[in-house]
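S.K.: I have a structure I would like to understand better, so I am pasting it below and will then ask my questions one at a time.
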Amino acid sequence: MRLVIARCQVDYVGRLTAHLPMALRLLMVKADGSVLVHSDGGSYKPLNWMSPPCWLTEEPGVWTVQNKAGEKLIITIEDIKHDASHELGVDPGLIKDGVEAHLQELLAEHVVTLGDGWTLVRREFPTAIGPVDLMCRDNEGTSVAVEIKRRGEIDGVEQLTRYLELLNRDPLLAPVRGVFAAQQIKPQARTLAEDRGIRCVVLDYDGLRGMESDEFRLF
């Protein structure tokens, strides 16, 4: 991973345009090829980014990050304060709590509880930015990415949004819809998910765990 602290401005050119005026920021270049632009406040989320597959071209004072769709992240650098690279090695991945892991196992085995005619493609479906809990197909054959949480909050919706953005770039999968499933979904998370066209499903874990395999239901 390469970490660069620089005074820079950032322009995104693609389906829409966005501009970050000149300021001191953290530029993060990850081993998977993604490039992220962070500030020192606001939230954990980057101000702007380019997800893989993409490539970075460095010229004096200008970085250009471009993806296969022709979208560009143009970073104009005025001054570099710090530039360092670090080898992080292979990450062991997120270890989920028992309830969350068991919910994933139950839904994978009985995916029809999400909808009649649904089928499971794979658990822990791999992407360049991490695995999707469940990749399914609905009764019309449409791909559906399912993110499972014990407590559904805004960060979980953001995580699923990033997966969907990446998955929908794959012509073999697109269009990919999203389902955000949790035992409890916060009102703000539900509002954000529904605004982005993501379906929310509230799960009764105790009910699911105690039911016959052919009598599962969702609440």
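Scheme for the structure tokens: letters A, B, ... for chains in order shown; per-chain residue numbers from 1; ligand numbers from 1 in order shown.
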List the neighbours of region 37-47 of chain A out to 6 Å using only C-alpha atoms; skip same-chain residues closer than 2 positions along the sequence, and give me the result as a PyMOL selection string.
M.R.: chain A and resi 25-27+49
S.K.: For Gly178 (chain A), work out the shell of residues within 7 Å, counting only C-alpha atoms and skipping chain neighbours fewer than 3 positions away, then give it as a PyMOL selection string.
M.R.: chain A and resi 144-146+164+198-199
S.K.: Tell me, as a list of chain:residue names, which residues lie within 6 Å of Ala189 (chain A), counting only C-alpha atoms; anything in the same chain fewer than 3 positions away does not count.
M.R.: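 The residues satisfying every condition are A:Glu153, A:Ile154, A:Lys186, A:Leu192.
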S.K.: Could those residues be written to a file, using all heavy atoms, as a PDB file, in the first residue's frame?
M.R.:
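And here is the file that came out, selection_11.pdb:
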ATOM      1  N   GLU A 153     -26.822  -0.900   9.850  1.00  0.00           N
ATOM      2  CA  GLU A 153     -26.555   0.525   9.974  1.00  0.00           C
ATOM      3  C   GLU A 153     -26.067   1.078   8.642  1.00  0.00           C
ATOM      4  O   GLU A 153     -25.883   0.340   7.670  1.00  0.00           O
ATOM      5  CB  GLU A 153     -25.540   0.767  11.091  1.00  0.00           C
ATOM      6  CG  GLU A 153     -26.023   0.249  12.448  1.00  0.00           C
ATOM      7  CD  GLU A 153     -25.050   0.546  13.574  1.00  0.00           C
ATOM      8  OE1 GLU A 153     -23.995   1.138  13.303  1.00  0.00           O
ATOM      9  OE2 GLU A 153     -25.350   0.176  14.721  1.00  0.00           O
ATOM     10  N   ILE A 154     -25.845   2.396   8.608  1.00  0.00           N
ATOM     11  CA  ILE A 154     -25.503   3.066   7.359  1.00  0.00           C
ATOM     12  C   ILE A 154     -24.226   2.508   6.746  1.00  0.00           C
ATOM     13  O   ILE A 154     -24.122   2.363   5.521  1.00  0.00           O
ATOM     14  CB  ILE A 154     -25.390   4.588   7.591  1.00  0.00           C
ATOM     15  CG1 ILE A 154     -26.795   5.194   7.708  1.00  0.00           C
ATOM     16  CG2 ILE A 154     -24.630   5.270   6.459  1.00  0.00           C
ATOM     17  CD1 ILE A 154     -26.803   6.690   7.981  1.00  0.00           C
ATOM     18  N   LYS A 186     -31.605   0.116  11.258  1.00  0.00           N
ATOM     19  CA  LYS A 186     -31.833   1.475  11.740  1.00  0.00           C
ATOM     20  C   LYS A 186     -32.612   2.283  10.693  1.00  0.00           C
ATOM     21  O   LYS A 186     -32.428   2.079   9.483  1.00  0.00           O
ATOM     22  CB  LYS A 186     -30.491   2.165  12.012  1.00  0.00           C
ATOM     23  CG  LYS A 186     -29.654   1.510  13.109  1.00  0.00           C
ATOM     24  CD  LYS A 186     -30.326   1.703  14.457  1.00  0.00           C
ATOM     25  CE  LYS A 186     -29.457   1.170  15.604  1.00  0.00           C
ATOM     26  NZ  LYS A 186     -28.210   1.926  15.792  1.00  0.00           N
ATOM     27  N   LEU A 192     -31.617   5.219   3.485  1.00  0.00           N
ATOM     28  CA  LEU A 192     -30.523   5.275   2.512  1.00  0.00           C
ATOM     29  C   LEU A 192     -30.601   4.101   1.543  1.00  0.00           C
ATOM     30  O   LEU A 192     -30.438   4.271   0.332  1.00  0.00           O
ATOM     31  CB  LEU A 192     -29.181   5.271   3.242  1.00  0.00           C
ATOM     32  CG  LEU A 192     -27.934   5.317   2.356  1.00  0.00           C
ATOM     33  CD1 LEU A 192     -27.901   6.604   1.533  1.00  0.00           C
ATOM     34  CD2 LEU A 192     -26.667   5.200   3.206  1.00  0.00           C
TER      35      LEU A 192
END
S.K.: Ranking A:Tyr12, A:Phe125, A:Trp55, A:Phe180 by minimum distance to Val29 (chain A) and counting only C-alpha atoms, which one comes first?
M.R.: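 Checking each candidate against Val29 (chain A), we get A:Trp55 as the closest.
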S.K.: For Leu167 (chain A), work out the shell of residues within 9 Å, counting only C-alpha atoms and skipping chain neighbours fewer than 6 positions away, then give it as a list in words.
M.R.: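 Close residues of Leu167 (chain A): Thr127, Ala145, Leu173, Ala174, Pro175 and Val176 of chain A.
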S.K.: Those selected residues, please, written with N, CA, C and O atoms and delivered as a PDB file, in the first residue's frame.
M.R.:
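New file result_7.pdb:
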ATOM      1  N   THR A 127     -14.929 -10.385  -4.643  1.00  0.00           N
ATOM      2  CA  THR A 127     -14.762  -9.187  -5.458  1.00  0.00           C
ATOM      3  C   THR A 127     -13.406  -8.587  -5.102  1.00  0.00           C
ATOM      4  O   THR A 127     -12.768  -8.992  -4.127  1.00  0.00           O
ATOM      5  N   ALA A 145     -27.045  -9.433  -4.941  1.00  0.00           N
ATOM      6  CA  ALA A 145     -26.020  -9.471  -3.898  1.00  0.00           C
ATOM      7  C   ALA A 145     -26.691  -9.224  -2.554  1.00  0.00           C
ATOM      8  O   ALA A 145     -27.423  -8.249  -2.393  1.00  0.00           O
ATOM      9  N   LEU A 173     -22.559 -10.402 -15.037  1.00  0.00           N
ATOM     10  CA  LEU A 173     -23.433 -10.369 -13.868  1.00  0.00           C
ATOM     11  C   LEU A 173     -24.536  -9.320 -13.979  1.00  0.00           C
ATOM     12  O   LEU A 173     -25.649  -9.540 -13.519  1.00  0.00           O
ATOM     13  N   ALA A 174     -24.214  -8.181 -14.556  1.00  0.00           N
ATOM     14  CA  ALA A 174     -25.141  -7.053 -14.587  1.00  0.00           C
ATOM     15  C   ALA A 174     -26.421  -7.401 -15.344  1.00  0.00           C
ATOM     16  O   ALA A 174     -26.379  -8.175 -16.319  1.00  0.00           O
ATOM     17  N   PRO A 175     -27.559  -6.852 -14.889  1.00  0.00           N
ATOM     18  CA  PRO A 175     -27.686  -5.979 -13.721  1.00  0.00           C
ATOM     19  C   PRO A 175     -27.705  -6.770 -12.414  1.00  0.00           C
ATOM     20  O   PRO A 175     -28.248  -7.875 -12.362  1.00  0.00           O
ATOM     21  N   VAL A 176     -27.112  -6.190 -11.369  1.00  0.00           N
ATOM     22  CA  VAL A 176     -27.080  -6.823 -10.050  1.00  0.00           C
ATOM     23  C   VAL A 176     -27.881  -5.959  -9.083  1.00  0.00           C
ATOM     24  O   VAL A 176     -27.593  -4.773  -8.936  1.00  0.00           O
TER      25      VAL A 176
END
S.K.: Applying 9 Å and only C-alpha atoms, which residues near Gln104 (chain A) remain after dropping the ones on its own chain fewer than 5 positions away? List them as a PDB file with N, CA, C and O atoms, in the first residue's frame.
M.R.:
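Output file result-v3.pdb follows:
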ATOM      1  N   VAL A  99     -23.593 -14.970  15.511  1.00  0.00           N
ATOM      2  CA  VAL A  99     -24.944 -14.773  15.018  1.00  0.00           C
ATOM      3  C   VAL A  99     -24.923 -14.416  13.543  1.00  0.00           C
ATOM      4  O   VAL A  99     -25.668 -14.976  12.733  1.00  0.00           O
ATOM      5  N   GLU A 109     -28.435 -21.860   2.951  1.00  0.00           N
ATOM      6  CA  GLU A 109     -29.042 -23.179   2.836  1.00  0.00           C
ATOM      7  C   GLU A 109     -30.505 -23.094   2.423  1.00  0.00           C
ATOM      8  O   GLU A 109     -31.030 -23.988   1.750  1.00  0.00           O
ATOM      9  N   ARG A 123     -21.695 -18.550  -1.586  1.00  0.00           N
ATOM     10  CA  ARG A 123     -21.419 -17.792  -0.362  1.00  0.00           C
ATOM     11  C   ARG A 123     -20.052 -17.117  -0.511  1.00  0.00           C
ATOM     12  O   ARG A 123     -19.172 -17.622  -1.195  1.00  0.00           O
ATOM     13  N   ASP A 133     -21.553 -11.438   0.978  1.00  0.00           N
ATOM     14  CA  ASP A 133     -22.032 -12.544   1.818  1.00  0.00           C
ATOM     15  C   ASP A 133     -22.689 -13.642   0.985  1.00  0.00           C
ATOM     16  O   ASP A 133     -22.312 -14.809   1.089  1.00  0.00           O
ATOM     17  N   LEU A 134     -23.699 -13.270   0.199  1.00  0.00           N
ATOM     18  CA  LEU A 134     -24.369 -14.233  -0.668  1.00  0.00           C
ATOM     19  C   LEU A 134     -24.563 -13.624  -2.055  1.00  0.00           C
ATOM     20  O   LEU A 134     -24.975 -12.471  -2.162  1.00  0.00           O
ATOM     21  N   GLU A 147     -26.172  -8.650   1.497  1.00  0.00           N
ATOM     22  CA  GLU A 147     -25.273  -8.319   2.600  1.00  0.00           C
ATOM     23  C   GLU A 147     -26.015  -8.563   3.904  1.00  0.00           C
ATOM     24  O   GLU A 147     -27.133  -8.070   4.101  1.00  0.00           O
ATOM     25  N   ILE A 148     -25.406  -9.340   4.819  1.00  0.00           N
ATOM     26  CA  ILE A 148     -26.063  -9.762   6.050  1.00  0.00           C
ATOM     27  C   ILE A 148     -25.366  -9.132   7.251  1.00  0.00           C
ATOM     28  O   ILE A 148     -24.148  -9.208   7.384  1.00  0.00           O
ATOM     29  N   LYS A 149     -26.154  -8.521   8.120  1.00  0.00           N
ATOM     30  CA  LYS A 149     -25.627  -7.906   9.340  1.00  0.00           C
ATOM     31  C   LYS A 149     -26.506  -8.294  10.522  1.00  0.00           C
ATOM     32  O   LYS A 149     -27.677  -8.638  10.356  1.00  0.00           O
TER      33      LYS A 149
END
S.K.: Quick one: DSSP strand (DSSP E) residues in region 7-214 of chain A, as a PyMOL selection string?
M.R.: chain A and resi 7-13+17-29+35-38+48-50+54-59+62-67+72-85+119-125+132-137+143-152+176-185+199-202
S.K.: Choose the residue, out of A:Ser85, A:Asn168, A:Thr161, A:Gln183, that has the smallest atom-to-atom separation from Gly197 (chain A); count only C-alpha atoms.
M.R.: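 When distances to Gly197 (chain A) are compared using only C-alpha atoms, the smallest one comes from A:Thr161.
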S.K.: Pick from A:Val202, A:Leu3, A:Leu166, A:Ala193: nearest to Ala181 (chain A), with only C-alpha atoms counted?
M.R.: A:Val202
S.K.: Rank nothing, just name the residue among A:Arg15, A:Arg151, A:Arg137, A:Arg177 nearest to Gly70 (chain A), using only C-alpha atoms.
M.R.: A:Arg15
S.K.: Taking only C-alpha atoms into account, which of A:Arg7, A:Arg190, A:His19, A:Arg169 comes nearest Asp155 (chain A)?
M.R.: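 Smallest distance to Asp155 (chain A) is found for A:Arg190.
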S.K.: From a DSSP calculation on the backbone, collect every residue of region 51-157 of chain A in helix (DSSP H, G or I) and output the set as a short mmCIF file (atom, residue, chain, number, x, y, z; two decimals) with all heavy atoms, in the first residue's frame.
M.R.:
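Final output, out-v2.cif:
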data_model
loop_
_atom_site.label_atom_id
_atom_site.label_comp_id
_atom_site.auth_asym_id
_atom_site.auth_seq_id
_atom_site.Cartn_x
_atom_site.Cartn_y
_atom_site.Cartn_z
N GLY A 98 -20.76 -14.89 15.86
CA GLY A 98 -21.46 -16.14 15.64
C GLY A 98 -22.84 -15.98 15.05
O GLY A 98 -23.26 -16.74 14.18
N VAL A 99 -23.59 -14.97 15.51
CA VAL A 99 -24.94 -14.77 15.02
C VAL A 99 -24.92 -14.42 13.54
O VAL A 99 -25.67 -14.98 12.73
CB VAL A 99 -25.67 -13.68 15.83
CG1 VAL A 99 -27.00 -13.34 15.18
CG2 VAL A 99 -25.87 -14.12 17.27
N GLU A 100 -24.05 -13.48 13.17
CA GLU A 100 -23.98 -13.04 11.78
C GLU A 100 -23.55 -14.18 10.86
O GLU A 100 -24.12 -14.38 9.79
CB GLU A 100 -23.01 -11.86 11.67
CG GLU A 100 -23.11 -11.09 10.37
CD GLU A 100 -22.32 -9.81 10.42
OE1 GLU A 100 -22.66 -8.93 11.25
OE2 GLU A 100 -21.35 -9.67 9.65
N ALA A 101 -22.56 -14.95 11.29
CA ALA A 101 -22.09 -16.07 10.48
C ALA A 101 -23.18 -17.13 10.34
O ALA A 101 -23.34 -17.73 9.27
CB ALA A 101 -20.84 -16.67 11.12
N HIS A 102 -23.93 -17.38 11.42
CA HIS A 102 -24.98 -18.38 11.37
C HIS A 102 -26.13 -17.92 10.49
O HIS A 102 -26.74 -18.72 9.77
CB HIS A 102 -25.49 -18.68 12.78
CG HIS A 102 -26.26 -19.96 12.87
ND1 HIS A 102 -27.11 -20.25 13.91
CD2 HIS A 102 -26.32 -21.03 12.03
CE1 HIS A 102 -27.66 -21.44 13.72
NE2 HIS A 102 -27.20 -21.93 12.58
N LEU A 103 -26.46 -16.63 10.52
CA LEU A 103 -27.49 -16.09 9.62
C LEU A 103 -27.10 -16.33 8.16
O LEU A 103 -27.94 -16.72 7.34
CB LEU A 103 -27.68 -14.59 9.86
CG LEU A 103 -28.59 -14.18 11.00
CD1 LEU A 103 -28.51 -12.67 11.21
CD2 LEU A 103 -30.03 -14.60 10.74
N GLN A 104 -25.83 -16.09 7.85
CA GLN A 104 -25.37 -16.31 6.48
C GLN A 104 -25.53 -17.78 6.11
O GLN A 104 -25.98 -18.12 5.01
CB GLN A 104 -23.92 -15.89 6.32
CG GLN A 104 -23.40 -16.04 4.90
CD GLN A 104 -21.91 -15.83 4.80
OE1 GLN A 104 -21.19 -16.71 4.35
NE2 GLN A 104 -21.43 -14.66 5.20
N GLU A 105 -25.16 -18.67 7.03
CA GLU A 105 -25.25 -20.11 6.77
C GLU A 105 -26.71 -20.53 6.56
O GLU A 105 -27.02 -21.29 5.63
CB GLU A 105 -24.65 -20.86 7.95
CG GLU A 105 -24.69 -22.37 7.82
CD GLU A 105 -24.12 -23.05 9.05
OE1 GLU A 105 -23.35 -22.41 9.80
OE2 GLU A 105 -24.46 -24.23 9.27
N LEU A 106 -27.62 -20.03 7.40
CA LEU A 106 -29.02 -20.38 7.28
C LEU A 106 -29.62 -19.89 5.97
O LEU A 106 -30.34 -20.63 5.28
CB LEU A 106 -29.81 -19.79 8.46
CG LEU A 106 -29.59 -20.43 9.83
CD1 LEU A 106 -30.27 -19.60 10.91
CD2 LEU A 106 -30.09 -21.85 9.85
N LEU A 107 -29.34 -18.64 5.61
CA LEU A 107 -29.92 -18.09 4.39
C LEU A 107 -29.33 -18.74 3.15
O LEU A 107 -30.00 -18.89 2.14
CB LEU A 107 -29.71 -16.58 4.35
CG LEU A 107 -30.57 -15.78 5.34
CD1 LEU A 107 -30.24 -14.29 5.23
CD2 LEU A 107 -32.04 -16.00 5.11
N ALA A 108 -28.06 -19.13 3.23
CA ALA A 108 -27.45 -19.81 2.09
C ALA A 108 -28.11 -21.16 1.85
O ALA A 108 -28.34 -21.57 0.71
CB ALA A 108 -25.95 -19.99 2.32
N GLU A 109 -28.43 -21.86 2.95
CA GLU A 109 -29.04 -23.18 2.84
C GLU A 109 -30.51 -23.09 2.42
O GLU A 109 -31.03 -23.99 1.75
CB GLU A 109 -28.92 -23.92 4.18
CG GLU A 109 -29.41 -25.36 4.12
CD GLU A 109 -29.19 -26.08 5.44
OE1 GLU A 109 -28.56 -25.49 6.34
OE2 GLU A 109 -29.67 -27.23 5.57
N VAL A 111 -32.19 -20.30 0.77
CA VAL A 111 -32.24 -18.99 0.12
C VAL A 111 -33.63 -18.66 -0.40
O VAL A 111 -33.95 -17.49 -0.63
CB VAL A 111 -31.19 -18.95 -1.02
CG1 VAL A 111 -31.61 -19.83 -2.18
CG2 VAL A 111 -30.95 -17.52 -1.49
N VAL A 112 -34.49 -19.66 -0.55
CA VAL A 112 -35.86 -19.39 -1.02
C VAL A 112 -36.65 -18.56 -0.02
O VAL A 112 -37.72 -18.04 -0.35
CB VAL A 112 -36.63 -20.70 -1.33
CG1 VAL A 112 -36.05 -21.38 -2.54
CG2 VAL A 112 -36.64 -21.63 -0.13
N THR A 113 -36.14 -18.42 1.22
CA THR A 113 -36.81 -17.54 2.18
C THR A 113 -36.71 -16.08 1.76
O THR A 113 -37.47 -15.25 2.25
CB THR A 113 -36.21 -17.72 3.59
OG1 THR A 113 -34.82 -17.42 3.56
CG2 THR A 113 -36.42 -19.13 4.09
N LEU A 114 -35.80 -15.76 0.87
CA LEU A 114 -35.69 -14.39 0.35
C LEU A 114 -36.65 -14.17 -0.81
O LEU A 114 -36.89 -13.04 -1.21
CB LEU A 114 -34.25 -14.10 -0.10
CG LEU A 114 -33.20 -14.07 1.00
CD1 LEU A 114 -31.81 -13.92 0.39
CD2 LEU A 114 -33.48 -12.92 1.96
N ILE A 154 -25.85 2.40 8.61
CA ILE A 154 -25.50 3.07 7.36
C ILE A 154 -24.23 2.51 6.75
O ILE A 154 -24.12 2.36 5.52
CB ILE A 154 -25.39 4.59 7.59
CG1 ILE A 154 -26.80 5.19 7.71
CG2 ILE A 154 -24.63 5.27 6.46
CD1 ILE A 154 -26.80 6.69 7.98
N ASP A 155 -23.24 2.14 7.59
CA ASP A 155 -21.98 1.64 7.02
C ASP A 155 -22.19 0.33 6.27
O ASP A 155 -21.51 0.05 5.28
CB ASP A 155 -20.91 1.48 8.10
CG ASP A 155 -21.31 0.55 9.22
OD1 ASP A 155 -22.50 0.16 9.29
OD2 ASP A 155 -20.44 0.19 10.05
N GLY A 156 -23.17 -0.48 6.70
CA GLY A 156 -23.47 -1.71 5.97
C GLY A 156 -24.09 -1.43 4.60
O GLY A 156 -23.80 -2.12 3.62
N VAL A 157 -24.94 -0.40 4.54
CA VAL A 157 -25.53 0.01 3.26
C VAL A 157 -24.44 0.53 2.33
O VAL A 157 -24.42 0.22 1.13
CB VAL A 157 -26.61 1.08 3.47
CG1 VAL A 157 -27.20 1.53 2.12
CG2 VAL A 157 -27.73 0.54 4.37
#
S.K.: Using only C-alpha atoms, which residue out of A:Val62, A:Met135, A:Met28, A:Val201 lies closest to Arg2 (chain A)?
M.R.: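 Comparing A:Val62, A:Met135, A:Met28, A:Val201 against Arg2 (chain A), the winner is A:Met28.
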S.K.: Could you please determine the separation between CA of Val65 (chain A) and CA of Leu160 (chain A) in Å, to one decimal place?
M.R.: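 Distance reported for this atom pair: 23.2 Å.
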S.K.: Just the number, please: distance in Å from CA of Asp170 (chain A) to CA of Arg150 (chain A), one decimal.
M.R.: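 Here the two named atoms are 28.9 Å from each other.
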